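Here's input.cif, which has mmCIF, C-alpha atoms and all ligand atoms:
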```cif
data_coords
#
loop_
_atom_site.group_PDB
_atom_site.id
_atom_site.type_symbol
_atom_site.label_atom_id
_atom_site.label_comp_id
_atom_site.auth_asym_id
_atom_site.auth_seq_id
_atom_site.Cartn_x
_atom_site.Cartn_y
_atom_site.Cartn_z
ATOM 1 C CA MET A 21 16.311 -119.882 -47.585
ATOM 2 C CA LYS A 22 18.981 -119.242 -44.929
ATOM 3 C CA LEU A 23 22.705 -119.334 -45.606
ATOM 4 C CA LYS A 24 25.180 -120.956 -43.207
ATOM 5 C CA THR A 25 27.838 -118.304 -43.790
ATOM 6 C CA LYS A 26 27.755 -115.016 -41.849
ATOM 7 C CA ASP A 27 29.377 -113.048 -44.698
ATOM 8 C CA LEU A 28 29.735 -113.136 -48.488
ATOM 9 C CA LEU A 29 33.210 -111.857 -49.381
ATOM 10 C CA THR A 30 34.366 -114.037 -52.291
ATOM 11 C CA LEU A 31 31.533 -116.524 -53.152
ATOM 12 C CA ALA A 32 33.632 -119.465 -51.938
ATOM 13 C CA GLU A 33 31.765 -119.237 -48.582
ATOM 14 C CA LEU A 34 28.714 -120.844 -50.253
ATOM 15 C CA THR A 35 28.076 -124.546 -50.715
ATOM 16 C CA PRO A 36 27.143 -125.675 -54.261
ATOM 17 C CA LYS A 37 23.584 -126.255 -53.014
ATOM 18 C CA GLU A 38 23.369 -122.734 -51.534
ATOM 19 C CA PHE A 39 24.745 -121.192 -54.745
ATOM 20 C CA THR A 40 22.272 -122.915 -57.081
ATOM 21 C CA GLY A 41 19.540 -122.418 -54.445
ATOM 22 C CA LEU A 42 20.147 -118.647 -54.468
ATOM 23 C CA ILE A 43 19.879 -118.597 -58.262
ATOM 24 C CA ASP A 44 16.568 -120.481 -58.243
ATOM 25 C CA TYR A 45 15.282 -118.273 -55.413
ATOM 26 C CA SER A 46 16.218 -115.153 -57.413
ATOM 27 C CA ILE A 47 14.233 -116.447 -60.412
ATOM 28 C CA LYS A 48 11.249 -117.040 -58.088
ATOM 29 C CA LEU A 49 11.485 -113.529 -56.579
ATOM 30 C CA LYS A 50 11.662 -112.040 -60.095
ATOM 31 C CA LYS A 51 8.394 -113.792 -61.034
ATOM 32 C CA GLU A 52 6.734 -112.804 -57.744
ATOM 33 C CA LEU A 53 7.677 -109.137 -58.179
ATOM 34 C CA LYS A 54 4.877 -108.764 -60.758
ATOM 35 C CA SER A 55 2.365 -109.101 -57.908
ATOM 36 C CA GLY A 56 4.668 -107.495 -55.290
ATOM 37 C CA ASN A 57 7.293 -109.215 -53.140
ATOM 38 C CA LYS A 58 6.561 -110.149 -49.531
ATOM 39 C CA PRO A 59 8.094 -107.699 -46.978
ATOM 40 C CA LEU A 60 10.780 -110.223 -46.012
ATOM 41 C CA LEU A 61 13.052 -107.500 -44.584
ATOM 42 C CA LYS A 62 10.503 -105.288 -42.846
ATOM 43 C CA ASN A 63 12.241 -102.928 -40.375
ATOM 44 C CA LYS A 64 15.689 -104.176 -41.452
ATOM 45 C CA THR A 65 18.397 -101.731 -42.505
ATOM 46 C CA LEU A 66 21.413 -102.173 -44.755
ATOM 47 C CA THR A 67 24.487 -99.917 -44.511
ATOM 48 C CA MET A 68 26.200 -99.393 -47.865
ATOM 49 C CA ILE A 69 29.802 -98.100 -47.877
ATOM 50 C CA PHE A 70 31.444 -97.039 -51.137
ATOM 51 C CA GLN A 71 35.158 -96.303 -51.547
ATOM 52 C CA LYS A 72 34.695 -96.553 -55.339
ATOM 53 C CA PRO A 73 32.041 -95.336 -57.817
ATOM 54 C CA SER A 74 29.013 -97.520 -58.612
ATOM 55 C CA THR A 75 25.755 -97.353 -60.536
ATOM 56 C CA ARG A 76 24.279 -100.881 -60.626
ATOM 57 C CA THR A 77 25.460 -102.148 -57.237
ATOM 58 C CA ARG A 78 24.366 -99.062 -55.363
ATOM 59 C CA VAL A 79 20.915 -98.773 -56.965
ATOM 60 C CA SER A 80 20.103 -102.496 -57.015
ATOM 61 C CA PHE A 81 20.933 -102.917 -53.311
ATOM 62 C CA GLU A 82 18.919 -99.843 -52.324
ATOM 63 C CA VAL A 83 15.898 -100.831 -54.438
ATOM 64 C CA ALA A 84 16.177 -104.422 -53.180
ATOM 65 C CA MET A 85 15.888 -103.268 -49.555
ATOM 66 C CA TYR A 86 12.968 -100.983 -50.426
ATOM 67 C CA GLN A 87 11.060 -103.683 -52.326
ATOM 68 C CA LEU A 88 11.496 -106.096 -49.382
ATOM 69 C CA GLY A 89 10.110 -103.565 -46.899
ATOM 70 C CA GLY A 90 13.474 -102.481 -45.457
ATOM 71 C CA HIS A 91 15.745 -99.475 -45.798
ATOM 72 C CA ALA A 92 19.293 -98.707 -46.984
ATOM 73 C CA VAL A 93 21.721 -96.050 -45.734
ATOM 74 C CA ASN A 94 24.276 -95.008 -48.348
ATOM 75 C CA LEU A 95 27.694 -93.765 -47.216
ATOM 76 C CA SER A 96 30.586 -92.619 -49.298
ATOM 77 C CA SER A 97 33.706 -93.522 -47.310
ATOM 78 C CA ASN A 98 35.140 -89.995 -47.688
ATOM 79 C CA GLU A 99 32.118 -88.584 -45.838
ATOM 80 C CA MET A 100 32.622 -90.967 -42.926
ATOM 81 C CA GLN A 101 34.919 -90.631 -39.901
ATOM 82 C CA LEU A 102 36.944 -93.372 -41.601
ATOM 83 C CA SER A 103 38.372 -90.590 -43.754
ATOM 84 C CA ARG A 104 39.662 -88.884 -40.567
ATOM 85 C CA GLY A 105 41.319 -92.009 -39.238
ATOM 86 C CA GLU A 106 38.582 -93.833 -37.292
ATOM 87 C CA SER A 107 39.430 -97.516 -37.497
ATOM 88 C CA ILE A 108 37.478 -99.988 -39.601
ATOM 89 C CA GLU A 109 37.029 -102.075 -36.430
ATOM 90 C CA ASP A 110 35.334 -99.227 -34.508
ATOM 91 C CA THR A 111 33.233 -98.436 -37.590
ATOM 92 C CA ALA A 112 32.113 -102.074 -37.828
ATOM 93 C CA LYS A 113 31.166 -102.228 -34.134
ATOM 94 C CA THR A 114 29.174 -98.993 -34.367
ATOM 95 C CA LEU A 115 27.271 -99.988 -37.516
ATOM 96 C CA SER A 116 26.450 -103.363 -35.934
ATOM 97 C CA ARG A 117 24.486 -101.517 -33.211
ATOM 98 C CA TYR A 118 22.274 -99.652 -35.715
ATOM 99 C CA THR A 119 21.820 -101.788 -38.795
ATOM 100 C CA ASN A 120 21.368 -105.428 -39.835
ATOM 101 C CA CYS A 121 23.892 -105.844 -42.647
ATOM 102 C CA ILE A 122 26.854 -104.031 -44.256
ATOM 103 C CA MET A 123 27.562 -104.019 -47.982
ATOM 104 C CA ALA A 124 30.907 -102.436 -48.858
ATOM 105 C CA ARG A 125 32.744 -101.651 -52.102
ATOM 106 C CA VAL A 126 36.436 -101.295 -51.323
ATOM 107 C CA TYR A 127 39.907 -101.242 -52.831
ATOM 108 C CA ASP A 128 41.856 -103.609 -50.579
ATOM 109 C CA HIS A 129 40.020 -106.904 -49.987
ATOM 110 C CA SER A 130 41.560 -107.227 -46.500
ATOM 111 C CA LEU A 131 39.439 -104.256 -45.397
ATOM 112 C CA LEU A 132 36.346 -106.424 -45.898
ATOM 113 C CA GLU A 133 37.936 -109.177 -43.822
ATOM 114 C CA LYS A 134 38.555 -106.666 -41.007
ATOM 115 C CA LEU A 135 34.967 -105.388 -41.282
ATOM 116 C CA SER A 136 33.740 -108.970 -41.098
ATOM 117 C CA GLN A 137 35.854 -109.818 -38.038
ATOM 118 C CA SER A 138 34.669 -106.789 -36.048
ATOM 119 C CA SER A 139 30.991 -106.736 -36.988
ATOM 120 C CA SER A 140 28.308 -108.890 -35.448
ATOM 121 C CA ILE A 141 26.155 -108.462 -38.580
ATOM 122 C CA PRO A 142 26.654 -109.952 -42.082
ATOM 123 C CA VAL A 143 29.133 -108.251 -44.431
ATOM 124 C CA ILE A 144 28.633 -108.445 -48.208
ATOM 125 C CA ASN A 145 31.362 -107.616 -50.731
ATOM 126 C CA GLY A 146 29.974 -105.122 -53.241
ATOM 127 C CA LEU A 147 33.300 -105.388 -55.189
ATOM 128 C CA SER A 148 36.900 -105.337 -54.040
ATOM 129 C CA ASP A 149 40.128 -105.296 -56.051
ATOM 130 C CA SER A 150 40.069 -109.099 -55.798
ATOM 131 C CA PHE A 151 36.435 -110.290 -56.023
ATOM 132 C CA HIS A 152 32.892 -109.337 -57.116
ATOM 133 C CA PRO A 153 30.651 -112.152 -55.827
ATOM 134 C CA CYS A 154 27.272 -110.378 -56.222
ATOM 135 C CA GLN A 155 27.919 -109.898 -59.941
ATOM 136 C CA ILE A 156 28.406 -113.625 -60.374
ATOM 137 C CA LEU A 157 25.079 -114.467 -58.717
ATOM 138 C CA ALA A 158 23.365 -112.259 -61.318
ATOM 139 C CA ASP A 159 25.452 -113.742 -64.133
ATOM 140 C CA PHE A 160 24.550 -117.336 -63.278
ATOM 141 C CA MET A 161 20.893 -116.369 -62.832
ATOM 142 C CA THR A 162 20.990 -114.879 -66.353
ATOM 143 C CA ILE A 163 22.716 -117.951 -67.789
ATOM 144 C CA LYS A 164 20.113 -120.239 -66.175
ATOM 145 C CA GLU A 165 17.249 -118.122 -67.538
ATOM 146 C CA LYS A 166 18.695 -118.060 -71.055
ATOM 147 C CA LYS A 167 19.941 -121.655 -71.271
ATOM 148 C CA GLY A 168 17.322 -123.376 -69.080
ATOM 149 C CA SER A 169 19.965 -125.337 -67.172
ATOM 150 C CA LEU A 170 23.597 -124.926 -66.123
ATOM 151 C CA LYS A 171 24.454 -128.568 -66.888
ATOM 152 C CA GLY A 172 27.220 -129.172 -69.431
ATOM 153 C CA LEU A 173 27.777 -125.492 -70.245
ATOM 154 C CA LYS A 174 31.087 -123.883 -71.196
ATOM 155 C CA ILE A 175 31.955 -120.243 -70.462
ATOM 156 C CA ALA A 176 34.686 -118.373 -72.357
ATOM 157 C CA TRP A 177 36.206 -115.445 -70.443
ATOM 158 C CA ILE A 178 38.165 -113.166 -72.785
ATOM 159 C CA GLY A 179 40.361 -110.261 -71.573
ATOM 160 C CA ASP A 180 41.541 -109.343 -68.090
ATOM 161 C CA GLY A 181 41.776 -112.009 -65.376
ATOM 162 C CA ASN A 182 40.424 -109.505 -62.851
ATOM 163 C CA ASN A 183 38.197 -109.378 -59.750
ATOM 164 C CA VAL A 184 35.053 -110.378 -61.687
ATOM 165 C CA CYS A 185 36.968 -113.236 -63.344
ATOM 166 C CA ASN A 186 38.137 -114.542 -59.931
ATOM 167 C CA SER A 187 34.573 -114.709 -58.642
ATOM 168 C CA MET A 188 33.395 -116.186 -61.971
ATOM 169 C CA ILE A 189 35.848 -119.056 -61.423
ATOM 170 C CA TYR A 190 34.317 -119.697 -57.990
ATOM 171 C CA GLY A 191 30.851 -119.611 -59.608
ATOM 172 C CA CYS A 192 31.981 -122.252 -62.105
ATOM 173 C CA SER A 193 33.404 -124.448 -59.369
ATOM 174 C CA LEU A 194 30.147 -124.179 -57.360
ATOM 175 C CA SER A 195 27.967 -125.031 -60.366
ATOM 176 C CA GLY A 196 30.207 -127.480 -62.278
ATOM 177 C CA VAL A 197 30.182 -125.200 -65.348
ATOM 178 C CA SER A 198 33.500 -125.336 -67.243
ATOM 179 C CA ILE A 199 35.452 -122.197 -68.098
ATOM 180 C CA SER A 200 38.239 -121.327 -70.518
ATOM 181 C CA ILE A 201 40.017 -118.048 -69.797
ATOM 182 C CA ALA A 202 42.041 -116.182 -72.433
ATOM 183 C CA THR A 203 44.235 -113.379 -71.099
ATOM 184 C CA PRO A 204 47.498 -111.780 -72.195
ATOM 185 C CA ASN A 205 50.514 -113.175 -70.324
ATOM 186 C CA GLY A 206 50.733 -111.501 -66.937
ATOM 187 C CA PHE A 207 46.970 -110.796 -66.686
ATOM 188 C CA GLU A 208 45.845 -114.235 -65.501
ATOM 189 C CA PRO A 209 43.319 -114.642 -62.660
ATOM 190 C CA ASP A 210 44.457 -115.369 -59.085
ATOM 191 C CA ALA A 211 46.487 -118.598 -59.100
ATOM 192 C CA LYS A 212 45.148 -119.689 -55.688
ATOM 193 C CA VAL A 213 41.535 -119.314 -56.853
ATOM 194 C CA VAL A 214 42.300 -121.336 -59.995
ATOM 195 C CA ALA A 215 44.076 -124.104 -58.059
ATOM 196 C CA GLU A 216 41.242 -124.389 -55.486
ATOM 197 C CA SER A 217 38.522 -124.428 -58.141
ATOM 198 C CA LYS A 218 40.216 -126.962 -60.423
ATOM 199 C CA LYS A 219 39.178 -129.623 -57.892
ATOM 200 C CA SER A 220 35.498 -129.181 -58.848
ATOM 201 C CA THR A 221 35.403 -128.111 -62.503
ATOM 202 C CA SER A 222 37.415 -127.797 -65.698
ATOM 203 C CA ILE A 223 39.405 -124.536 -65.826
ATOM 204 C CA GLU A 224 41.583 -123.811 -68.828
ATOM 205 C CA LEU A 225 44.005 -120.866 -69.000
ATOM 206 C CA THR A 226 45.266 -119.757 -72.400
ATOM 207 C CA SER A 227 46.611 -116.674 -74.155
ATOM 208 C CA ASP A 228 44.640 -117.537 -77.316
ATOM 209 C CA PRO A 229 41.025 -116.224 -77.457
ATOM 210 C CA LEU A 230 40.283 -118.679 -80.308
ATOM 211 C CA ILE A 231 41.028 -121.623 -78.012
ATOM 212 C CA ALA A 232 38.923 -120.190 -75.168
ATOM 213 C CA ILE A 233 35.884 -119.405 -77.304
ATOM 214 C CA LYS A 234 35.686 -122.747 -79.119
ATOM 215 C CA ASN A 235 32.316 -124.427 -78.363
ATOM 216 C CA ALA A 236 31.449 -121.771 -75.769
ATOM 217 C CA ASP A 237 27.803 -121.356 -74.724
ATOM 218 C CA VAL A 238 28.535 -118.070 -72.954
ATOM 219 C CA VAL A 239 31.130 -115.435 -73.874
ATOM 220 C CA ILE A 240 32.083 -112.933 -71.167
ATOM 221 C CA THR A 241 34.433 -110.006 -70.984
ATOM 222 C CA ASP A 242 34.986 -106.993 -68.723
ATOM 223 C CA THR A 243 36.771 -103.677 -69.028
ATOM 224 C CA PHE A 244 40.544 -103.755 -69.615
ATOM 225 C CA THR A 245 40.925 -100.921 -67.065
ATOM 226 C CA SER A 246 39.228 -101.628 -63.745
ATOM 227 C CA ILE A 247 38.794 -98.901 -61.127
ATOM 228 C CA HIS A 248 41.938 -100.147 -59.330
ATOM 229 C CA THR A 249 43.981 -100.659 -62.541
ATOM 230 C CA ASN A 250 42.953 -97.515 -64.367
ATOM 231 C CA ASP A 251 46.071 -97.106 -66.504
ATOM 232 C CA PRO A 252 45.314 -96.417 -70.204
ATOM 233 C CA LYS A 253 48.716 -97.971 -71.123
ATOM 234 C CA ARG A 254 47.300 -101.402 -70.221
ATOM 235 C CA ILE A 255 44.951 -101.305 -73.205
ATOM 236 C CA LYS A 256 47.838 -101.850 -75.639
ATOM 237 C CA LYS A 257 48.419 -105.285 -74.090
ATOM 238 C CA PHE A 258 44.850 -106.348 -74.934
ATOM 239 C CA LEU A 259 44.104 -104.783 -78.318
ATOM 240 C CA PRO A 260 43.351 -105.975 -80.913
ATOM 241 C CA LYS A 261 43.733 -109.649 -79.924
ATOM 242 C CA PHE A 262 41.444 -109.784 -76.873
ATOM 243 C CA GLN A 263 38.532 -107.716 -78.207
ATOM 244 C CA VAL A 264 35.196 -109.541 -78.425
ATOM 245 C CA ASN A 265 33.983 -108.702 -81.938
ATOM 246 C CA GLU A 266 31.707 -110.425 -84.448
ATOM 247 C CA LYS A 267 34.601 -112.311 -86.004
ATOM 248 C CA LEU A 268 35.566 -113.824 -82.634
ATOM 249 C CA MET A 269 31.904 -114.485 -81.660
ATOM 250 C CA ASN A 270 31.558 -116.575 -84.845
ATOM 251 C CA HIS A 271 33.875 -119.162 -83.242
ATOM 252 C CA ALA A 272 31.535 -119.703 -80.250
ATOM 253 C CA LYS A 273 28.417 -121.902 -80.475
ATOM 254 C CA LYS A 274 25.785 -120.450 -82.816
ATOM 255 C CA ASN A 275 23.388 -119.842 -79.919
ATOM 256 C CA ALA A 276 26.068 -118.430 -77.586
ATOM 257 C CA ILE A 277 25.131 -115.437 -75.450
ATOM 258 C CA PHE A 278 27.357 -112.431 -74.739
ATOM 259 C CA MET A 279 27.664 -111.026 -71.212
ATOM 260 C CA HIS A 280 29.433 -108.066 -69.569
ATOM 261 C CA CYS A 281 29.016 -106.838 -65.974
ATOM 262 C CA LEU A 282 29.121 -103.178 -67.172
ATOM 263 C CA PRO A 283 30.255 -100.436 -67.317
ATOM 264 C CA ALA A 284 31.587 -101.224 -70.818
ATOM 265 C CA LYS A 285 34.014 -99.358 -73.029
ATOM 266 C CA ARG A 286 32.618 -99.911 -76.519
ATOM 267 C CA ASP A 287 35.213 -100.748 -79.175
ATOM 268 C CA HIS A 288 37.798 -101.580 -76.487
ATOM 269 C CA GLU A 289 36.947 -104.936 -74.875
ATOM 270 C CA VAL A 290 33.796 -105.395 -77.003
ATOM 271 C CA THR A 291 32.542 -103.882 -80.230
ATOM 272 C CA SER A 292 29.209 -102.027 -80.321
ATOM 273 C CA SER A 293 27.994 -104.600 -82.846
ATOM 274 C CA VAL A 294 28.343 -107.383 -80.236
ATOM 275 C CA ILE A 295 27.246 -105.618 -77.027
ATOM 276 C CA ASP A 296 24.285 -103.993 -78.793
ATOM 277 C CA GLY A 297 23.661 -107.015 -81.037
ATOM 278 C CA PRO A 298 21.253 -109.991 -80.894
ATOM 279 C CA GLN A 299 23.478 -112.300 -78.807
ATOM 280 C CA SER A 300 23.951 -109.755 -76.015
ATOM 281 C CA VAL A 301 22.014 -110.258 -72.760
ATOM 282 C CA VAL A 302 23.678 -107.430 -70.828
ATOM 283 C CA TRP A 303 20.459 -105.617 -69.876
ATOM 284 C CA ASP A 304 18.869 -108.752 -68.414
ATOM 285 C CA GLU A 305 22.182 -109.360 -66.634
ATOM 286 C CA ALA A 306 22.091 -105.826 -65.170
ATOM 287 C CA GLU A 307 18.420 -106.207 -64.161
ATOM 288 C CA ASN A 308 19.182 -109.500 -62.454
ATOM 289 C CA ARG A 309 21.486 -107.715 -60.015
ATOM 290 C CA LEU A 310 18.265 -106.535 -58.332
ATOM 291 C CA HIS A 311 16.683 -109.990 -58.066
ATOM 292 C CA THR A 312 19.859 -111.705 -56.828
ATOM 293 C CA GLN A 313 20.485 -108.912 -54.325
ATOM 294 C CA LYS A 314 17.006 -109.594 -52.889
ATOM 295 C CA ALA A 315 17.600 -113.346 -52.683
ATOM 296 C CA LEU A 316 20.978 -112.780 -51.028
ATOM 297 C CA LEU A 317 19.840 -110.113 -48.532
ATOM 298 C CA SER A 318 16.802 -112.073 -47.399
ATOM 299 C CA SER A 319 18.917 -115.233 -47.000
ATOM 300 C CA ILE A 320 21.863 -113.686 -45.148
ATOM 301 C CA ILE A 321 20.162 -111.160 -42.820
ATOM 302 C CA ARG A 322 19.102 -112.828 -39.617
ATOM 303 C CA ALA A 323 15.577 -112.471 -38.149
HETATM 304 N N1 LIG A 401 28.572 -104.295 -62.501
HETATM 305 C C1 LIG A 401 28.687 -103.400 -61.491
HETATM 306 O O1 LIG A 401 29.053 -103.750 -60.375
HETATM 307 O O2 LIG A 401 28.330 -102.132 -61.819
HETATM 308 P P1 LIG A 401 28.574 -100.830 -60.929
HETATM 309 O O3 LIG A 401 30.053 -100.607 -60.865
HETATM 310 O O4 LIG A 401 27.839 -99.753 -61.662
HETATM 311 O O5 LIG A 401 28.013 -101.071 -59.562
HETATM 312 N N1 LIG A 402 36.431 -105.006 -63.072
HETATM 313 C C1 LIG A 402 35.653 -103.814 -62.930
HETATM 314 C C2 LIG A 402 34.241 -104.173 -62.608
HETATM 315 C C3 LIG A 402 33.304 -103.014 -62.408
HETATM 316 C C4 LIG A 402 31.933 -103.435 -62.017
HETATM 317 C C5 LIG A 402 36.257 -102.934 -61.845
HETATM 318 O O1 LIG A 402 36.730 -103.456 -60.819
HETATM 319 O O2 LIG A 402 36.291 -101.714 -62.021
#
```

Whole structure, structure tokens version:
Amino acid sequence: MKLKTKDLLTLAELTPKEFTGLIDYSIKLKKELKSGNKPLLKNKTLTMIFQKPSTRTRVSFEVAMYQLGGHAVNLSSNEMQLSRGESIEDTAKTLSRYTNCIMARVYDHSLLEKLSQSSSIPVINGLSDSFHPCQILADFMTIKEKKGSLKGLKIAWIGDGNNVCNSMIYGCSLSGVSISIATPNGFEPDAKVVAESKKSTSIELTSDPLIAIKNADVVITDTFTSIHTNDPKRIKKFLPKFQVNEKLMNHAKKNAIFMHCLPAKRDHEVTSSVIDGPQSVVWDEAENRLHTQKALLSSIIRA
């Protein structure tokens, strides 16, 4: 499939049909991998830029390019001329002459917008302080695999209304899945994202995890201290009320699944008994980063 958008910075660039199409395409590529994927990106190169640490995003993008017959160049931003003051615009123009796509993990989201404006090749957000769209593709792929269909589902997001939560809201609005978000006061997701997405699905904000988790098919949390909000004092605002533990999970549907983008801090946002327990699908979720990365790259990189 081919996407209309040049870039993927938030997820909101996709149409509902493109979003669900990418999920179905990812499931197809996962099945086909057993006999080897077609070299859909032969001779294509991806530049990866990291301002922040990564395990899953970095490896899944690199392996995705390799399995599709292409190549990835990995750059830590402090090894680039960016660190000596070269502009993001000049960097974007240079990389556009060598490679076919840029994936960047950055602090300030506006840096991705500048990259996008100055590059003639697609730019993919590999996580910014505001959004993590690639994670949400993998999450919805996992939900579809586990539940069979996305129709009529309810997600409960418990904890920090952070970058992953913002993109999760866009995922819900693109798929019609409803979401209830429980955060402490002052840790809500982006108000603009919520207002935009309320037009296409049900979004509930609460400070009570018991309200959010009621009748949930999927329970999701993320770390209380993201890379850009790494202040241990924050944790006090979340614990013990916003921890996903067995007692809280008992209020979701009996067959509810537990998800987490990882990395996780066990016994902070989630207990070991839940993340390592029978309802957890976090390893399939992590694996699916690879399959969704392949669907995305082969749909966004031009021939
Ligand atoms: N979930 C995720 O993006 O993991 P990494 O930070 O390891 O890339
Ligand atoms: N919210 C986390 C996600 C890590 C994949 C962070 O931004 O650090």

Work out how far apart CA of Arg322 (chain A) and CA of Leu310 (chain A) are and give it in Å to one decimal.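 Distance reported for this atom pair: 19.8 Å.
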
Going by the chain IDs and residue numbers used in this file, which residues fall under the PyMOL selection byres (((chain A and resi 215-219) around 8) and not hetatm)? Write them as a list in words.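 Matching residues under the PyMOL selection byres (((chain A and resi 215-219) around 8) and not hetatm) are Ile189, Tyr190, Cys192, Ser193, Ala211, Lys212, Val213, Val214, Ser220, Thr221, Ser222 and Ile223 of chain A.
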
Determine, for each residue of chain A having at least one atom at most 8 Å from an atom of ligand LIG 401 (chain A), the closest pair of atoms and their separation in Å to one decimal, counting all atoms listed in the file; order by chain and ascending number, as JSON lines.
```
{"residue": "A:Pro73", "atom": "CA", "partner": "A:LIG401", "partner_atom": "O3", "distance": 6.4}
{"residue": "A:Ser74", "atom": "CA", "partner": "A:LIG401", "partner_atom": "O5", "distance": 3.8}
{"residue": "A:Thr75", "atom": "CA", "partner": "A:LIG401", "partner_atom": "O4", "distance": 3.4}
{"residue": "A:Arg76", "atom": "CA", "partner": "A:LIG401", "partner_atom": "O4", "distance": 3.9}
{"residue": "A:Thr77", "atom": "CA", "partner": "A:LIG401", "partner_atom": "O5", "distance": 3.6}
{"residue": "A:Arg78", "atom": "CA", "partner": "A:LIG401", "partner_atom": "O5", "distance": 5.9}
{"residue": "A:Val79", "atom": "CA", "partner": "A:LIG401", "partner_atom": "O5", "distance": 7.9}
{"residue": "A:Gly146", "atom": "CA", "partner": "A:LIG401", "partner_atom": "O1", "distance": 7.3}
{"residue": "A:Leu147", "atom": "CA", "partner": "A:LIG401", "partner_atom": "O1", "distance": 6.9}
{"residue": "A:His152", "atom": "CA", "partner": "A:LIG401", "partner_atom": "O1", "distance": 7.5}
{"residue": "A:Gln155", "atom": "CA", "partner": "A:LIG401", "partner_atom": "N1", "distance": 6.2}
{"residue": "A:Cys281", "atom": "CA", "partner": "A:LIG401", "partner_atom": "N1", "distance": 4.3}
{"residue": "A:Leu282", "atom": "CA", "partner": "A:LIG401", "partner_atom": "N1", "distance": 4.8}
{"residue": "A:Pro283", "atom": "CA", "partner": "A:LIG401", "partner_atom": "O2", "distance": 6.1}
{"residue": "A:Ala306", "atom": "CA", "partner": "A:LIG401", "partner_atom": "N1", "distance": 7.2}
```

Which residues of chain A come within 7 Å of ligand LIG 402 (chain A), and what is each one's closest atom pair and distance in Å (one decimal), counting only C-alpha atoms and all ligand atoms, sorted by chain and residue number, as a Markdown table?
```
| residue | atom | partner | partner_atom | distance |
| --- | --- | --- | --- | --- |
| A:Leu147 | CA | A:LIG402 | O1 | 6.9 |
| A:Asp149 | CA | A:LIG402 | O1 | 6.1 |
| A:Asn182 | CA | A:LIG402 | N1 | 6.0 |
| A:Asn183 | CA | A:LIG402 | N1 | 5.8 |
| A:Val184 | CA | A:LIG402 | N1 | 5.7 |
| A:Asp242 | CA | A:LIG402 | N1 | 6.2 |
| A:Thr243 | CA | A:LIG402 | N1 | 6.1 |
| A:Thr245 | CA | A:LIG402 | O2 | 6.9 |
| A:Ser246 | CA | A:LIG402 | O2 | 3.4 |
| A:Ile247 | CA | A:LIG402 | O2 | 3.9 |
| A:His248 | CA | A:LIG402 | O1 | 6.3 |
| A:Cys281 | CA | A:LIG402 | C4 | 6.0 |
| A:Leu282 | CA | A:LIG402 | C4 | 5.9 |
| A:Pro283 | CA | A:LIG402 | C4 | 6.3 |
```

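Picture a line from CA of Val143 (chain A) to CA of Leu102 (chain A); it runs 17.0 Å.
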
Using the partial input, fill out region 157-169 of chain A with N, CA and C atoms; write the result as a PDB file, in the frame of the given file.
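After the write, out.pdb holds the following:
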```pdb
ATOM      1  N   LEU A 157      26.431-113.937 -58.970  1.00  0.00           N
ATOM      2  CA  LEU A 157      25.079-114.467 -58.717  1.00  0.00           C
ATOM      3  C   LEU A 157      24.160-114.043 -59.853  1.00  0.00           C
ATOM      4  N   ALA A 158      24.230-112.768 -60.233  1.00  0.00           N
ATOM      5  CA  ALA A 158      23.365-112.259 -61.318  1.00  0.00           C
ATOM      6  C   ALA A 158      23.737-112.905 -62.652  1.00  0.00           C
ATOM      7  N   ASP A 159      25.021-113.144 -62.864  1.00  0.00           N
ATOM      8  CA  ASP A 159      25.452-113.742 -64.133  1.00  0.00           C
ATOM      9  C   ASP A 159      24.925-115.173 -64.268  1.00  0.00           C
ATOM     10  N   PHE A 160      25.043-115.949 -63.191  1.00  0.00           N
ATOM     11  CA  PHE A 160      24.550-117.336 -63.278  1.00  0.00           C
ATOM     12  C   PHE A 160      23.029-117.392 -63.337  1.00  0.00           C
ATOM     13  N   MET A 161      22.361-116.435 -62.691  1.00  0.00           N
ATOM     14  CA  MET A 161      20.893-116.369 -62.832  1.00  0.00           C
ATOM     15  C   MET A 161      20.547-116.136 -64.303  1.00  0.00           C
ATOM     16  N   THR A 162      21.259-115.216 -64.948  1.00  0.00           N
ATOM     17  CA  THR A 162      20.990-114.879 -66.353  1.00  0.00           C
ATOM     18  C   THR A 162      21.272-116.085 -67.251  1.00  0.00           C
ATOM     19  N   ILE A 163      22.369-116.779 -66.972  1.00  0.00           N
ATOM     20  CA  ILE A 163      22.716-117.951 -67.789  1.00  0.00           C
ATOM     21  C   ILE A 163      21.622-119.018 -67.639  1.00  0.00           C
ATOM     22  N   LYS A 164      21.159-119.226 -66.402  1.00  0.00           N
ATOM     23  CA  LYS A 164      20.113-120.239 -66.175  1.00  0.00           C
ATOM     24  C   LYS A 164      18.823-119.851 -66.905  1.00  0.00           C
ATOM     25  N   GLU A 165      18.466-118.579 -66.833  1.00  0.00           N
ATOM     26  CA  GLU A 165      17.249-118.122 -67.538  1.00  0.00           C
ATOM     27  C   GLU A 165      17.362-118.337 -69.047  1.00  0.00           C
ATOM     28  N   LYS A 166      18.527-118.022 -69.588  1.00  0.00           N
ATOM     29  CA  LYS A 166      18.695-118.060 -71.055  1.00  0.00           C
ATOM     30  C   LYS A 166      18.906-119.475 -71.571  1.00  0.00           C
ATOM     31  N   LYS A 167      19.585-120.311 -70.793  1.00  0.00           N
ATOM     32  CA  LYS A 167      19.941-121.655 -71.271  1.00  0.00           C
ATOM     33  C   LYS A 167      19.044-122.742 -70.682  1.00  0.00           C
ATOM     34  N   GLY A 168      18.240-122.397 -69.673  1.00  0.00           N
ATOM     35  CA  GLY A 168      17.322-123.376 -69.080  1.00  0.00           C
ATOM     36  C   GLY A 168      17.980-124.214 -67.993  1.00  0.00           C
ATOM     37  N   SER A 169      19.246-124.520 -68.154  1.00  0.00           N
ATOM     38  CA  SER A 169      19.965-125.337 -67.172  1.00  0.00           C
ATOM     39  C   SER A 169      21.452-124.967 -67.235  1.00  0.00           C
TER      40      SER A 169
END
```
